[in-house]
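Asks: Sharing structure-v4.txt (compact mmCIF, C-alpha atoms) below.
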# COMPACT_ATOMS: atom_id res chain seq x y z
CA MET A 461 0.00 0.00 0.00
CA LEU A 462 1.51 3.33 -1.05
CA LYS A 463 1.84 6.06 1.53
CA ILE A 464 0.06 9.36 1.02
CA VAL A 465 3.36 11.12 0.31
CA ASP A 466 4.33 8.47 -2.26
CA ARG A 467 0.99 8.84 -4.03
CA PHE A 468 1.33 12.61 -4.00
CA LEU A 469 4.85 12.54 -5.46
CA LEU A 470 3.90 9.94 -8.05
CA ARG A 471 0.89 11.97 -9.17
CA GLU A 472 2.77 15.28 -9.31
CA ILE A 473 5.80 13.88 -11.15
CA ALA A 474 3.63 11.98 -13.62
CA ALA A 475 1.57 15.09 -14.38
CA ALA A 476 4.65 17.28 -14.80
CA SER A 477 6.34 14.68 -17.00
CA ALA A 478 3.25 14.28 -19.20
CA ALA A 479 2.91 18.05 -19.65
CA THR A 480 6.61 18.34 -20.49
CA LEU A 481 6.32 15.51 -22.99
CA VAL A 482 3.43 17.25 -24.76
CA VAL A 483 5.40 20.49 -24.99
CA LEU A 484 8.52 18.74 -26.30
CA LEU A 485 6.47 16.83 -28.87
CA ALA A 486 4.85 20.06 -30.04
CA ILE A 487 8.28 21.68 -30.47
CA VAL A 488 9.91 18.87 -32.44
CA LEU A 489 6.82 18.16 -34.55
CA SER A 490 6.54 21.82 -35.50
CA SER A 491 10.10 21.61 -36.79
CA ARG A 492 9.28 18.46 -38.75
CA LEU A 493 6.15 20.14 -40.12
CA ALA A 494 8.30 22.94 -41.54
CA THR A 495 10.55 20.32 -43.18
CA TYR A 496 7.58 18.50 -44.71
CA LEU A 497 6.11 21.74 -46.04
CA THR A 498 9.45 22.49 -47.70
CA GLN A 499 9.43 19.04 -49.28
CA VAL A 500 5.90 19.64 -50.54
CA ALA A 501 7.04 22.90 -52.12
CA ASN A 502 9.97 21.10 -53.77
CA GLY A 503 7.81 18.30 -55.13
CA LEU A 504 9.20 15.61 -52.84
CA LEU A 505 5.98 15.05 -50.91
CA VAL A 506 2.23 15.47 -51.30
CA LYS A 507 0.38 17.45 -48.68
CA GLU A 508 -2.19 14.68 -48.09
CA VAL A 509 0.33 12.55 -46.15
CA ILE A 510 1.68 15.24 -43.82
CA LEU A 511 -0.55 14.29 -40.87
CA GLN A 512 0.34 10.62 -41.26
CA MET A 513 4.02 11.47 -41.41
CA LEU A 514 3.74 13.58 -38.25
CA GLY A 515 1.94 10.77 -36.41
CA LEU A 516 4.60 8.23 -37.34
CA GLN A 517 7.35 10.71 -36.50
CA SER A 518 5.87 11.29 -33.05
CA ILE A 519 6.10 7.54 -32.34
CA ARG A 520 9.76 7.56 -33.35
CA PHE A 521 10.41 10.54 -31.07
CA LEU A 522 8.92 8.92 -27.95
CA PRO A 523 12.02 6.91 -26.88
CA ILE A 524 14.06 10.11 -27.12
CA LEU A 525 11.63 12.49 -25.43
CA ILE A 526 10.21 10.35 -22.60
CA PRO A 527 13.52 10.25 -20.63
CA ILE A 528 14.07 14.02 -20.80
CA ALA A 529 10.39 14.61 -19.97
CA MET A 530 10.69 12.43 -16.87
CA LEU A 531 13.91 14.20 -15.85
CA LEU A 532 12.28 17.62 -16.12
CA GLY A 533 9.15 16.37 -14.37
CA ILE A 534 11.20 15.20 -11.37
CA LEU A 535 13.29 18.37 -11.27
CA LEU A 536 10.23 20.63 -11.46
CA THR A 537 8.29 18.75 -8.78
CA LEU A 538 11.09 18.21 -6.27
CA GLY A 539 12.53 21.65 -6.96
CA ARG A 540 9.26 23.22 -5.86
CA LEU A 541 9.14 21.08 -2.72
CA TYR A 542 12.72 22.01 -1.78
CA GLN A 543 12.10 25.70 -2.51
CA ASP A 544 9.02 25.79 -0.27
CA SER A 545 10.79 23.86 2.53
CA GLU A 546 8.30 21.01 2.17
CA MET A 547 11.07 18.44 1.77
CA VAL A 548 12.60 19.64 5.05
CA ALA A 549 9.24 19.12 6.72
CA LEU A 550 8.88 15.65 5.21
CA THR A 551 12.35 14.69 6.40
CA GLY A 552 11.54 15.94 9.89
CA CYS A 553 8.40 13.76 9.86
CA GLY A 554 10.48 10.64 9.21
CA TYR A 555 10.41 10.54 5.40
CA PRO A 556 14.06 9.72 4.56
CA PRO A 557 15.75 10.66 1.27
CA SER A 558 15.89 7.01 0.24
CA ALA A 559 12.08 6.89 0.36
CA LEU A 560 11.97 9.25 -2.62
CA TYR A 561 12.99 6.36 -4.83
CA ARG A 562 9.76 4.46 -4.25
CA PRO A 563 7.61 6.79 -6.40
CA MET A 564 10.55 7.39 -8.77
CA LEU A 565 10.93 3.70 -9.52
CA MET A 566 7.18 3.12 -9.62
CA LEU A 567 7.09 5.66 -12.45
CA GLY A 568 10.47 4.92 -14.02
CA LEU A 569 10.24 1.14 -14.35
CA PRO A 570 6.88 1.06 -16.19
CA LEU A 571 8.10 3.88 -18.42
CA ALA A 572 11.28 1.91 -19.09
CA ALA A 573 9.18 -1.08 -20.15
CA LEU A 574 7.06 1.19 -22.36
CA VAL A 575 10.13 2.78 -23.95
CA ALA A 576 11.70 -0.64 -24.52
CA TRP A 577 8.55 -1.84 -26.28
CA VAL A 578 8.38 1.29 -28.42
CA ALA A 579 12.10 1.40 -29.22
CA LEU A 580 12.51 -2.31 -30.00
CA TRP A 581 9.25 -3.01 -31.85
CA VAL A 582 6.89 -0.08 -32.43
CA ALA A 583 9.40 2.56 -33.59
CA PRO A 584 10.98 0.27 -36.25
CA TRP A 585 7.49 -0.51 -37.55
CA ALA A 586 6.69 3.22 -37.66
CA ALA A 587 9.99 3.97 -39.44
CA SER A 588 9.32 1.25 -42.01
CA LEU A 589 5.80 2.51 -42.62
CA GLN A 590 7.06 6.10 -42.84
CA GLN A 591 9.70 5.08 -45.38
CA ASP A 592 7.13 3.33 -47.60
CA LEU A 593 4.70 6.23 -47.25
CA GLN A 594 7.41 8.72 -48.17
CA ILE A 595 8.37 6.77 -51.31
CA ARG A 596 4.73 6.55 -52.45
CA ALA A 597 4.16 10.22 -51.66
CA ARG A 598 7.17 11.20 -53.71
CA GLN A 599 5.93 9.18 -56.63
CA GLN A 600 2.52 10.88 -56.39
CA ALA A 601 4.25 14.27 -56.35
CA GLN A 602 6.15 13.60 -59.56
CA THR A 603 4.28 16.11 -61.70
CA SER A 604 2.33 18.12 -59.14
CA VAL A 605 5.25 20.41 -58.38
CA PHE A 606 5.64 21.66 -61.95
CA SER A 607 2.95 24.09 -63.06
CA PRO A 608 2.77 24.82 -66.79
CA GLY A 609 4.21 28.19 -67.74
CA THR A 610 6.17 28.75 -64.51
CA PHE A 611 9.83 28.43 -63.53
CA ARG A 612 10.55 26.21 -60.52
CA GLU A 613 13.82 25.65 -58.67
CA ALA A 614 15.12 22.19 -57.77
CA GLY A 615 18.20 20.78 -56.13
CA GLY A 616 18.70 23.72 -53.81
CA GLY A 617 18.64 26.23 -56.67
CA ARG A 618 21.12 24.42 -58.90
CA HIS A 619 18.38 23.65 -61.43
CA VAL A 620 15.58 25.79 -62.84
CA VAL A 621 12.83 23.85 -64.61
CA TYR A 622 10.24 25.24 -67.02
CA VAL A 623 7.35 23.17 -68.39
CA GLU A 624 5.21 24.42 -71.24
CA SER A 625 2.26 22.10 -70.58
CA ILE A 626 1.22 18.74 -69.15
CA ASP A 627 -0.30 16.03 -71.32
CA PRO A 628 -3.77 15.30 -69.85
CA THR A 629 -3.78 11.73 -71.20
CA ASP A 630 -0.67 10.33 -69.52
CA GLY A 631 0.44 13.19 -67.24
CA GLU A 632 3.82 13.61 -68.95
CA LEU A 633 5.49 16.99 -69.20
CA VAL A 634 5.53 18.63 -72.65
CA ARG A 635 8.42 20.81 -73.86
CA VAL A 636 10.69 20.87 -70.83
CA PHE A 637 13.51 23.37 -70.30
CA ILE A 638 16.17 22.85 -67.58
CA HIS A 639 18.88 25.35 -66.68
CA SER A 640 21.58 23.65 -64.57
CA ARG A 641 24.69 24.93 -62.80
CA ASP A 642 27.51 22.75 -61.46
CA ALA A 643 28.68 22.79 -57.83
CA SER A 644 31.37 25.40 -58.51
CA GLY A 645 28.94 27.64 -60.39
CA ASP A 646 31.30 28.07 -63.35
CA ARG A 647 29.74 25.76 -65.90
CA ILE A 648 26.11 25.75 -66.95
CA ALA A 649 24.00 23.36 -68.97
CA ILE A 650 20.82 24.03 -70.90
CA THR A 651 18.72 20.91 -71.51
CA THR A 652 15.53 20.81 -73.55
CA GLY A 653 13.23 17.91 -74.34
CA ASP A 654 10.01 17.38 -76.21
CA ARG A 655 8.59 15.31 -73.35
CA GLY A 656 9.68 14.56 -69.81
CA ARG A 657 8.76 12.85 -66.57
CA GLN A 658 10.17 12.51 -63.10
CA GLU A 659 11.65 9.33 -61.67
CA ILE A 660 12.50 8.74 -58.03
CA THR A 661 14.77 5.81 -57.22
CA ASP A 662 14.53 3.60 -54.15
CA ASP A 663 17.24 5.60 -52.38
CA GLY A 664 15.28 8.85 -52.86
CA THR A 665 17.26 10.37 -55.74
CA ARG A 666 15.04 12.37 -58.10
CA TYR A 667 15.70 12.47 -61.86
CA MET A 668 14.07 14.24 -64.77
CA VAL A 669 13.94 11.91 -67.79
CA LEU A 670 13.73 13.79 -71.09
CA ASP A 671 12.99 12.40 -74.57
CA HIS A 672 14.11 13.80 -77.95
CA GLY A 673 16.03 16.92 -77.07
CA TYR A 674 19.28 18.85 -76.95
CA ARG A 675 21.83 19.67 -74.27
CA TYR A 676 24.24 22.63 -74.36
CA GLU A 677 27.17 22.75 -71.91
CA GLY A 678 29.85 25.38 -71.39
CA VAL A 679 31.20 28.33 -69.44
CA PRO A 680 29.39 31.67 -69.79
CA GLY A 681 31.46 34.15 -71.82
CA GLN A 682 33.36 31.47 -73.71
CA LYS A 683 32.64 30.04 -77.15
CA ASP A 684 33.48 26.36 -76.60
CA TYR A 685 29.95 25.22 -75.87
CA ARG A 686 29.25 21.54 -76.51
CA GLN A 687 25.99 20.57 -78.16
CA THR A 688 24.54 17.08 -77.74
CA ARG A 689 21.43 15.63 -79.30
CA PHE A 690 19.83 12.78 -77.40
CA GLU A 691 16.93 10.41 -77.62
CA ARG A 692 16.70 9.97 -73.84
CA LEU A 693 18.58 11.69 -71.03
CA ARG A 694 18.35 11.59 -67.23
CA VAL A 695 19.11 14.76 -65.31
CA ARG A 696 19.53 14.39 -61.55
CA LEU A 697 17.53 17.10 -59.83
CA ASP A 698 18.35 16.34 -56.21
CA ALA A 699 19.98 13.65 -54.11
CA PRO A 700 18.42 11.86 -51.13
CA SER A 701 18.56 13.62 -47.81
CA VAL A 702 21.35 12.82 -45.39
CA GLY A 703 19.06 11.07 -42.90
CA GLU A 704 17.57 8.53 -45.29
CA GLY A 705 20.36 6.00 -44.74
CA SER A 706 19.79 6.06 -40.98
CA LEU A 707 16.03 5.82 -41.58
CA LYS A 708 16.56 2.48 -43.33
CA ARG A 709 18.47 1.14 -40.32
CA GLU A 710 15.82 2.49 -37.95
CA ALA A 711 13.21 0.66 -40.01
CA MET A 712 14.96 -2.70 -39.56
CA ALA A 713 13.39 -5.16 -37.16
CA THR A 714 15.34 -5.57 -33.93
CA ALA A 715 15.94 -9.28 -34.60
CA ASP A 716 17.55 -8.39 -37.95
CA LEU A 717 20.08 -6.13 -36.23
CA ILE A 718 21.58 -9.02 -34.27
CA GLY A 719 24.49 -10.52 -36.14
CA GLY A 720 24.81 -7.55 -38.48
CA GLY A 721 27.66 -5.13 -39.00
CA PRO A 722 28.89 -2.26 -36.80
CA ARG A 723 26.10 0.09 -37.91
CA GLU A 724 23.45 -2.49 -37.04
CA TYR A 725 24.94 -3.08 -33.59
CA ALA A 726 25.11 0.69 -33.03
CA GLU A 727 21.39 0.94 -33.80
CA LEU A 728 20.65 -2.02 -31.49
CA HIS A 729 22.53 -0.47 -28.56
CA ALA A 730 20.81 2.87 -29.17
CA ARG A 731 17.41 1.18 -28.88
CA ILE A 732 18.38 -0.63 -25.70
CA GLY A 733 19.94 2.52 -24.26
CA ALA A 734 16.66 4.42 -24.53
CA ALA A 735 15.08 2.03 -22.00
CA VAL A 736 18.16 1.82 -19.77
CA SER A 737 18.22 5.59 -19.34
CA LEU A 738 14.89 5.69 -17.45
CA PRO A 739 16.05 3.88 -14.25
CA LEU A 740 19.27 5.89 -14.35
CA ILE A 741 17.31 9.13 -14.49
CA ALA A 742 15.16 7.93 -11.59
CA LEU A 743 18.43 7.45 -9.65
CA VAL A 744 20.14 10.73 -10.53
CA ALA A 745 17.27 13.24 -10.86
CA PRO A 746 16.29 13.42 -7.13
CA LEU A 747 19.93 14.10 -6.28
CA LEU A 748 20.20 16.81 -8.93
CA ALA A 749 17.01 18.44 -7.59
CA LYS A 750 18.22 18.64 -3.96
CA ALA A 751 18.54 22.28 -2.93
CA ARG A 752 18.50 24.47 0.14
CA PRO A 753 15.20 26.04 1.24
CA ARG A 754 14.30 29.21 -0.66
CA GLU A 755 16.94 28.44 -3.26
CA SER A 756 15.77 28.98 -6.82
CA ARG A 757 14.86 25.70 -8.46
CA TYR A 758 15.72 26.87 -11.95
CA GLY A 759 19.44 26.64 -11.32
CA ARG A 760 18.99 22.96 -10.42
CA ILE A 761 16.91 22.42 -13.55
CA LEU A 762 19.65 23.97 -15.69
CA GLY A 763 22.26 21.79 -14.00
CA GLY A 764 20.16 18.69 -14.57
CA VAL A 765 19.65 19.53 -18.23
CA LEU A 766 23.41 20.04 -18.65
CA VAL A 767 24.15 16.66 -17.06
CA TYR A 768 21.60 15.01 -19.34
CA ALA A 769 23.02 16.84 -22.38
CA VAL A 770 26.51 15.52 -21.58
CA TYR A 771 25.05 12.03 -21.15
CA MET A 772 23.28 12.20 -24.52
CA ASN A 773 26.43 13.49 -26.22
CA LEU A 774 28.38 10.57 -24.77
CA LEU A 775 25.75 8.19 -26.15
CA GLY A 776 26.08 9.88 -29.54
CA ILE A 777 29.87 9.58 -29.45
CA GLY A 778 29.60 5.95 -28.40
CA LYS A 779 27.19 5.21 -31.24
CA ALA A 780 29.59 6.83 -33.72
CA TRP A 781 32.43 4.71 -32.32
CA LEU A 782 30.31 1.60 -32.71
CA GLU A 783 29.50 2.47 -36.33
CA LYS A 784 33.20 2.95 -37.10
CA GLY A 785 34.21 -0.24 -35.30
CA THR A 786 36.27 1.60 -32.66
CA LEU A 787 34.16 -0.06 -29.94
CA GLY A 788 33.06 -3.67 -30.01
CA PRO A 789 29.43 -4.77 -29.64
CA VAL A 790 30.15 -6.15 -26.16
CA ALA A 791 31.22 -2.77 -24.77
CA GLY A 792 28.44 -1.03 -26.65
CA LEU A 793 27.11 2.02 -24.84
CA TRP A 794 27.28 0.51 -21.36
CA TRP A 795 30.26 2.69 -20.44
CA ALA A 796 28.14 5.84 -20.94
CA HIS A 797 25.33 4.42 -18.79
CA GLY A 798 27.94 3.47 -16.18
CA LEU A 799 29.25 7.04 -16.07
CA LEU A 800 25.76 8.39 -15.36
CA ALA A 801 25.28 5.80 -12.61
CA THR A 802 28.65 6.84 -11.16
CA VAL A 803 27.50 10.46 -11.12
CA GLY A 804 24.42 9.35 -9.17
CA VAL A 805 26.50 7.49 -6.58
CA ALA A 806 28.88 10.44 -6.27
CA LEU A 807 26.00 12.85 -5.71
CA TRP A 808 24.52 10.58 -3.02
CA ILE A 809 27.84 10.51 -1.19
CA TYR A 810 28.17 14.29 -1.57
CA HIS A 811 24.71 14.98 -0.13
CA TYR A 812 24.33 12.20 2.46
CA GLY A 813 27.79 10.71 2.99
CA TRP A 814 28.80 7.08 2.77
CA PRO A 815 26.00 4.58 3.44
CA ARG A 816 26.10 3.18 6.96
CA VAL A 817 26.28 -0.58 7.15
CA GLY A 818 25.69 -0.76 10.86
CA LYS A 819 25.24 1.27 14.05
CA SER A 820 27.95 1.86 16.58
CA ALA A 821 27.45 0.59 20.11
In structure tokens, what does this structure look like?
Replies:
Amino acid sequence: MLKIVDRFLLREIAAASAATLVVLLAIVLSSRLATYLTQVANGLLVKEVILQMLGLQSIRFLPILIPIAMLLGILLTLGRLYQDSEMVALTGCGYPPSALYRPMLMLGLPLAALVAWVALWVAPWAASLQQDLQIRARQQAQTSVFSPGTFREAGGGRHVVYVESIDPTDGELVRVFIHSRDASGDRIAITTGDRGRQEITDDGTRYMVLDHGYRYEGVPGQKDYRQTRFERLRVRLDAPSVGEGSLKREAMATADLIGGGPREYAELHARIGAAVSLPLIALVAPLLAKARPRESRYGRILGGVLVYAVYMNLLGIGKAWLEKGTLGPVAGLWWAHGLLATVGVALWIYHYGWPRVGKSA
């Protein structure tokens, strides 16, 4: 049977963590929404799938956001109790510091199980579904981005595409003009075709395929332009985004990661680490929140966020080492989790001294 204080702390921390999670989700999803709208404008996505993409993205964000939401929930709740001297009163009434871990673990362990389920099974399913949805949405957006009689940029401004009209029977582009500039900006290419269509490969690269046309290449101001007549030509408009390779690994089932290469083991340890971080936060957060009466709680919150930021950076460094083969799959990311646990033990000793194993006579 939970004590009244335990129920109070559990309720307050859970409410603060849930509110923080909602705010964090709103922040990160608004950023993703801006990215999706940009992709719609560039013809890489159709607007009808934006809500589905945001829903799947929110599932993938849960293993990342739940730990930081729980950390902030604990810091906010206990910081208020320390600031108002309520923790001093509880201690004077026989509620020891070690008793704080009852409600922490009662919240942290179920959340760890939830995060493990999401990270190991649900998030890969959501990533796989998002990848398929994104490919289909790109295929549906093949011609929607190009309006007849208008100039549109592609490839970050390296290409300018003009379409005279769209064939209503098959949806192909009629009389296509493409002005291209190389990475250095010195050479340009003018490509024209009687008909054209977009193609998007499995890796996300977008091409414009032109039939029966001409291509002129050279440096502006010089006379050595090269003219080529072609029956069919593919012009790459833009390359896949940087994160698409990691999305494929995130879409892999957890069982398929076992026995794979360094990148697969790095992804596996990252999924496991999301669940391991919850009990560690339940250990460290009450110690980070401890403050003197009337002391501002926001300084403790900032300190806790900094500790968590260092911890997340260490996990990122460890994952990069795993991908490069610098660390073996046995070591994994356990050293980073061990460092956070060591910080928790050190803080306990700093606040309360060494644990007593017995009483003196």
Asks: Counting all atoms listed in the file, which of A:Glu508, A:Asp698, A:Glu710, A:Glu546 gets nearest to Tyr667 (chain A)?
Replies: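 Closest candidate: A:Asp698.
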Asks: Work out how far CA of Asp671 (chain A) is from CA of Arg692 (chain A), in Å to one decimal.
Replies: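 Computing the Euclidean distance for CA of Arg692 (chain A) and CA of Asp671 (chain A) yields 4.5 Å.
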Asks: When distances are computed from all atoms listed in the file, which of A:Leu807, A:Leu571, A:Leu740, A:Ala730 shows the smallest separation from Gly792 (chain A)?
Replies: A:Ala730
Asks: Could you list as a ChimeraX atom specification every residue that has an atom within 12 Å of (6.0, 8.5, -34.7), using the file's coordinates and counting only C-alpha atoms?
Replies: /A:485,488-489,492,511-525,578-579,582-591,710-711
Asks: Nearest residue to Val669 (chain A) out of A:Ala643, A:Val634, A:Leu470, A:Leu481, using all atoms listed in the file?
Replies: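 Distance minimum relative to Val669 (chain A) lands on A:Val634.
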Asks: Give me, please, the distance in Å between CA of Arg731 (chain A) and CA of Ala745 (chain A), quoted to one decimal.
Replies: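 Taking CA of Arg731 (chain A) as the start and CA of Ala745 (chain A) as the end point, the length is 21.7 Å.
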Asks: One number please: CA of Met564 (chain A) to CA of Asn773 (chain A), in Å, one decimal.
Replies: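 Answer for the CA of Met564 (chain A) to CA of Asn773 (chain A) separation: 24.4 Å.
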Asks: Using only C-alpha atoms, can you list as a PyMOL selection string the residues within 12 Å of (22.9, 8.6, -2.8)?
Replies: chain A and resi 556-561+742-748+750+801-816
Asks: Keeping C-alpha atoms, export the residues of the selection given above as a PDB file, keeping the file's coordinate frame.
Replies:
ATOM      1  CA  PRO A 556      14.060   9.720   4.560  1.00  0.00           C
ATOM      2  CA  PRO A 557      15.750  10.660   1.270  1.00  0.00           C
ATOM      3  CA  SER A 558      15.890   7.010   0.240  1.00  0.00           C
ATOM      4  CA  ALA A 559      12.080   6.890   0.360  1.00  0.00           C
ATOM      5  CA  LEU A 560      11.970   9.250  -2.620  1.00  0.00           C
ATOM      6  CA  TYR A 561      12.990   6.360  -4.830  1.00  0.00           C
ATOM      7  CA  ALA A 742      15.160   7.930 -11.590  1.00  0.00           C
ATOM      8  CA  LEU A 743      18.430   7.450  -9.650  1.00  0.00           C
ATOM      9  CA  VAL A 744      20.140  10.730 -10.530  1.00  0.00           C
ATOM     10  CA  ALA A 745      17.270  13.240 -10.860  1.00  0.00           C
ATOM     11  CA  PRO A 746      16.290  13.420  -7.130  1.00  0.00           C
ATOM     12  CA  LEU A 747      19.930  14.100  -6.280  1.00  0.00           C
ATOM     13  CA  LEU A 748      20.200  16.810  -8.930  1.00  0.00           C
ATOM     14  CA  LYS A 750      18.220  18.640  -3.960  1.00  0.00           C
ATOM     15  CA  ALA A 801      25.280   5.800 -12.610  1.00  0.00           C
ATOM     16  CA  THR A 802      28.650   6.840 -11.160  1.00  0.00           C
ATOM     17  CA  VAL A 803      27.500  10.460 -11.120  1.00  0.00           C
ATOM     18  CA  GLY A 804      24.420   9.350  -9.170  1.00  0.00           C
ATOM     19  CA  VAL A 805      26.500   7.490  -6.580  1.00  0.00           C
ATOM     20  CA  ALA A 806      28.880  10.440  -6.270  1.00  0.00           C
ATOM     21  CA  LEU A 807      26.000  12.850  -5.710  1.00  0.00           C
ATOM     22  CA  TRP A 808      24.520  10.580  -3.020  1.00  0.00           C
ATOM     23  CA  ILE A 809      27.840  10.510  -1.190  1.00  0.00           C
ATOM     24  CA  TYR A 810      28.170  14.290  -1.570  1.00  0.00           C
ATOM     25  CA  HIS A 811      24.710  14.980  -0.130  1.00  0.00           C
ATOM     26  CA  TYR A 812      24.330  12.200   2.460  1.00  0.00           C
ATOM     27  CA  GLY A 813      27.790  10.710   2.990  1.00  0.00           C
ATOM     28  CA  TRP A 814      28.800   7.080   2.770  1.00  0.00           C
ATOM     29  CA  PRO A 815      26.000   4.580   3.440  1.00  0.00           C
ATOM     30  CA  ARG A 816      26.100   3.180   6.960  1.00  0.00           C
TER      31      ARG A 816
END
Asks: Using only C-alpha atoms, which of A:Ile626, A:Gln594, A:Phe637, A:Leu800 sits nearest Val500 (chain A)?
Replies: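 Ranked by minimum distance to Val500 (chain A), first place goes to A:Gln594.
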